Amino acid sequence: MSAIRGKVAVKLGDHIDTDLIYPGRFLNITDRDKTPQHLFELAYPEIRGQLGAGDFLVAGRNFGCGSSREQATSAIKLAGCGAVIAASFARIFFRNSINLGLPVVVSPRAAAGLQPGDEVVVDLAAGRILNLRTEESYPATPLDQQAVELLEAGGLIPYLKRKHGY
Amino acid sequence: MGMTLAEKILARASGRETVAPDQIVTASIDLAMSHENADLVRKSFREIGAARVWDPDRIVIILDHRVPAESEITAATHKAIREFVEAQHIRHFYDVGRGGICHQVLAERGHVLPGMVVVGTDSHTTTHGAFGAFATGIGATEMAGVWTEGSLWFKVPATIRIEVNGDLAPWVSAKDLILYIIGELGADGADYRAVEFDGPVIADLTVASRMVLTNLAMEMGAKVAFTPVDGALLEYLYERTGSEIPLSLSFESDPDADYERVIFVDAGDSIPEPVVACPHSVDRVRPVSDLEDVRVNQAVLGSCTNGRLEDLELAARVIGSRKVHPRTRLLVVPASQQVYLDAIRLGYIQRLVAAGAMVNPPGCGPCVGVHQGILAAGEVCISSTNRNFIGRMGSKDSQVYLASPAVVAASAVAGHIAHPGDIGKGVAA
C-alpha cells in the first residue's frame, strides 16, 4: 500500500465542497454502492465518465470542505478513484477517506504541477510524489502511522474486524 | 508550559499528564451524537460485527434533517433507526415531534457538560464548545468505530485565540462577528485548529449567541471551538441539569498556554454595521449596505446557527406589524420543539405568521436543500443558516446570502437585502 500508481484523470480548483461532490438531496441513500451515481451531480457530472479504475483526482486547497457526509468519500472511492491529491483537505473529509480506504495525499506543489493525463507514483508513508511524464518529484505530507495502518487494512471496518476478531 | 483547554481535555480523556499539538492520542468518548445518518453508522457497525454498542447511555440519536419523512426512502431510514434504537436500548432518542435540530436538543436537554469529549456525525458538532466541550464532527464509519470501542484517535490541535474587545455596534450580532472573522481568516483559515473566543464582547453574549460562534467556526475549518466556561454558562446548565458543575475543575486555558496565534478584534471599529456572506462562499463577506440592490425571493430564519428563541424574538421585533414583501417568501424554522413552544407562548410565532411567514416544523428545514423551501434556478435567498455553497438550497443556479436574523427579517419586509435599522424606524436595536 505504501506506494500507489495511477493516472491523473481530473484536476479541480480550490474549496471543492461536499455539496459539490455529493449533493444533500441524495443523502438519504445509505447504500454506499449507489453513491457514485450522484458524484459531482450538480456542477461536474462529466467527471463520472472521466474517472477510470485507479485514476487519481487532483484538487487545490480545502478539498472536501463542508458537511461530514461520508457519501462524498464513498462516491469518489466507489467510482474507482485510486487517490485524491490536494493542496489541503478539510479534516472530516480527510478522515472519512482514510476510514473508507481511499488514499489522500497533501501536496501543494503536486496539486499545482500535476496535469490531467500525467502518470504518477505516490509513496504515502515517505511523502513523495513522482510525475512519470515530466520526471518531476513533489514533496507530500507523510501520512501518520495510524492512517497508514488503516489504509493498509482497507479502511476502519476491516481494521476493527481484525482487531476484535469478529 | 501550560496547556490550552483543548489540550487539557484531550490529556484527561487519554489518561496523560500533558499533551502537545500534533501528538496523536486515543481519547475516551463521553457523548456520541448522530442524526438520520445513524442509518449509515448502523450499517458500518453491522459490517464491523460487534453485537452491542459500547455504552447505549452515551449515544444520542436525534432525527432532524428530513422531518417528517419527505420520501419513502427516508421513511424506511427512520424506521430502521427506530428499530436499532430499541434493539440496542438507546434511551436518548428524539423522534419526530420530540426534539428538533440535533445541536439545539443536545444543548437544551443538558447533554453536554464542560470538559467532555463529544463527537457527532454532523460537521457543526463544534457548536458544543460553547459548553466547554471538545466537540467535533466525524463521519459515519468513524462513528461506527466509536459505537464499537468508545474511543477515538485524535491529532492534538494547535490553538488560535481570538480576543474580541470594544462594543458591538447597533444591529451587529454574534452572527456578524463570526462572519467578519471568517471573512478575515478565510474558509480554511482555522483548518485543523482549536479556536478560543474570549474577551469582554464574548463574555456579554448569551449562551445562544455563543453557540453561533462555535457553530460557524467550523466554516473556517476549525476542529473544535470554545467560548468561556463562566457564570452565565453554569447558570444555563444548572437550569437544564439541576446539578452544579464543580468549580474546582479548570475549564480554561492556562495563563502560560502556548497559542499558535492570537488575534485581536475591536468589534466596534471592525464591524460598524451588519455583514452578509455572498454566494458561493462563507468568506465573501461584505457590509449589508453594499448589497441593498439585491432582490430577495426567499428569506430563511432558522438552523442550528440561528433558529433559537432570541433569533425569533429579534425577527418578530424587526418585522413588527409590517408585512413580508409581496415578491418574497419568509420561511421560519424553530430550532426545536421547545423553541417553537416558547415562541408561541411569547407571541413571536403569531406576529411572524401575521406578517405572512410560513412556519416549518422544527428541524434543519431548507438548509440542506432536500425539502421545505427549495430554490429554483435564478432565485435569491437570504438566510440565517451557515452554508451558501453552489446548489446548497436547491438549483445550482440559485444564490444564497448568509446573514443575521435581524438582516433576514429586514430583507423579508423590504424585498431586497436591507439594514434592519433602515426598515425598523422606531425599533430599538
# chains A, B, ... in the order shown; residues from 1 in each chain; ligands from 1

call {"tool": "interface_residues", "arguments": {"of": "chain A", "to": "chain B", "cutoff": "8 Å", "atoms": "only C-alpha atoms", "output": "PyMOL selection string"}}
result
chain A and resi 17+19-20+23-25+28-31+42-43+62+65-70+90-93+95-96+99-100+156-158+160-161+166

call {"tool": "write_last_selection", "arguments": {"atoms": "C-alpha atoms", "output": "compact mmCIF listing (two decimals), in the first residue's frame"}}
result
# COMPACT_ATOMS: atom_id res chain seq x y z
CA ASP A 17 -17.16 21.41 -1.03
CA ASP A 19 -22.30 19.62 -1.64
CA LEU A 20 -20.49 19.85 -4.98
CA PRO A 23 -25.45 16.97 -3.09
CA GLY A 24 -27.51 16.96 0.08
CA ARG A 25 -30.65 15.83 -1.70
CA ASN A 28 -30.95 9.57 2.22
CA ILE A 29 -29.16 6.99 0.08
CA THR A 30 -27.33 4.95 2.68
CA ASP A 31 -26.26 2.15 0.36
CA LEU A 42 -24.69 19.50 -9.68
CA ALA A 43 -21.70 21.06 -11.36
CA ASN A 62 -9.53 22.77 1.28
CA CYS A 65 -14.93 21.32 2.99
CA GLY A 66 -18.39 21.46 4.49
CA SER A 67 -20.54 18.61 5.67
CA SER A 68 -19.42 15.42 7.43
CA ARG A 69 -21.31 13.34 4.84
CA GLU A 70 -19.40 10.14 4.21
CA ALA A 90 -10.90 19.69 5.13
CA ARG A 91 -10.39 17.49 8.14
CA ILE A 92 -13.60 15.42 8.21
CA PHE A 93 -13.28 14.52 4.52
CA ARG A 95 -10.55 11.22 7.97
CA ASN A 96 -13.54 9.77 6.14
CA ASN A 99 -11.60 5.27 7.16
CA LEU A 100 -13.04 4.08 3.86
CA LEU A 156 -11.62 1.18 9.51
CA ILE A 157 -14.20 -1.59 9.10
CA PRO A 158 -11.72 -4.36 8.14
CA LEU A 160 -11.67 -3.23 13.54
CA LYS A 161 -12.95 -6.63 12.37
CA TYR A 166 -15.25 -10.52 14.60

call {"tool": "select_by_dssp", "arguments": {"residues": "chain A", "states": "strand (DSSP E or B)", "output": "tab-separated table (two decimals) with C-alpha atoms, in the first residue's frame"}}
result
chain	number	residue	atom	x	y	z
A	3	ALA	CA	3.37	3.19	-3.00
A	4	ILE	CA	0.47	3.52	-5.43
A	5	ARG	CA	0.44	4.32	-9.11
A	6	GLY	CA	-2.24	5.94	-11.24
A	7	LYS	CA	-3.14	8.41	-13.92
A	8	VAL	CA	-4.42	11.93	-13.18
A	9	ALA	CA	-7.91	11.92	-14.68
A	10	VAL	CA	-9.35	15.15	-13.31
A	11	LYS	CA	-7.99	18.40	-11.92
A	17	ASP	CA	-17.16	21.41	-1.03
A	56	PHE	CA	-6.25	9.98	-9.42
A	57	LEU	CA	-8.18	13.16	-8.73
A	58	VAL	CA	-6.15	16.34	-8.16
A	59	ALA	CA	-7.51	19.44	-6.43
A	63	PHE	CA	-10.89	19.85	-0.74
A	65	CYS	CA	-14.93	21.32	2.99
A	83	ALA	CA	-6.27	8.52	-4.66
A	84	VAL	CA	-7.00	12.21	-4.17
A	85	ILE	CA	-4.03	14.58	-4.22
A	86	ALA	CA	-4.78	18.10	-2.98
A	89	PHE	CA	-8.09	18.84	2.75
A	104	VAL	CA	-5.50	11.10	0.39
A	105	VAL	CA	-2.28	12.97	-0.18
A	106	VAL	CA	-1.44	16.54	0.85
A	119	GLU	CA	1.17	9.14	-14.74
A	120	VAL	CA	2.05	9.37	-11.06
A	121	VAL	CA	3.61	7.22	-8.34
A	122	VAL	CA	2.82	8.20	-4.74
A	123	ASP	CA	4.78	6.99	-1.72
A	128	ARG	CA	6.83	11.75	-2.13
A	129	ILE	CA	5.04	12.05	-5.48
A	130	LEU	CA	6.79	11.27	-8.75
A	131	ASN	CA	5.42	12.51	-12.08
A	137	SER	CA	9.25	14.90	-7.85
A	138	TYR	CA	6.98	16.72	-5.38
A	139	PRO	CA	7.14	16.55	-1.57

call {"tool": "select_by_dssp", "arguments": {"residues": "region 53-195 of chain B", "states": "alpha helix (DSSP H)", "output": "NGL selection string"}}
result
:B and (72-87 or 102-108 or 140-149 or 174-185)

call {"tool": "atom_distance", "arguments": {"atom1": "CA of Val229 (chain B)", "atom2": "CA of Met211 (chain B)"}}
result
12.5 Å

call {"tool": "residues_around", "arguments": {"residues": "Gly101 (chain A)", "least_positions_apart": "4", "cutoff": "9 Å", "atoms": "only C-alpha atoms", "output": "PyMOL selection string"}}
result
chain A and resi 77+96-97+150-156

call {"tool": "atom_distance", "arguments": {"atom1": "CA of Val164 (chain B)", "atom2": "CA of Ile263 (chain B)"}}
result
8.4 Å

call {"tool": "closest_residue", "arguments": {"among": "A:Ser88, A:Gln146, A:Gln115, A:Ser2", "to": "Arg61 (chain A)", "atoms": "only C-alpha atoms"}}
result
A:Ser88

call {"tool": "atom_distance", "arguments": {"atom1": "CA of Pro272 (chain B)", "atom2": "CA of Asp290 (chain B)"}}
result
12.9 Å
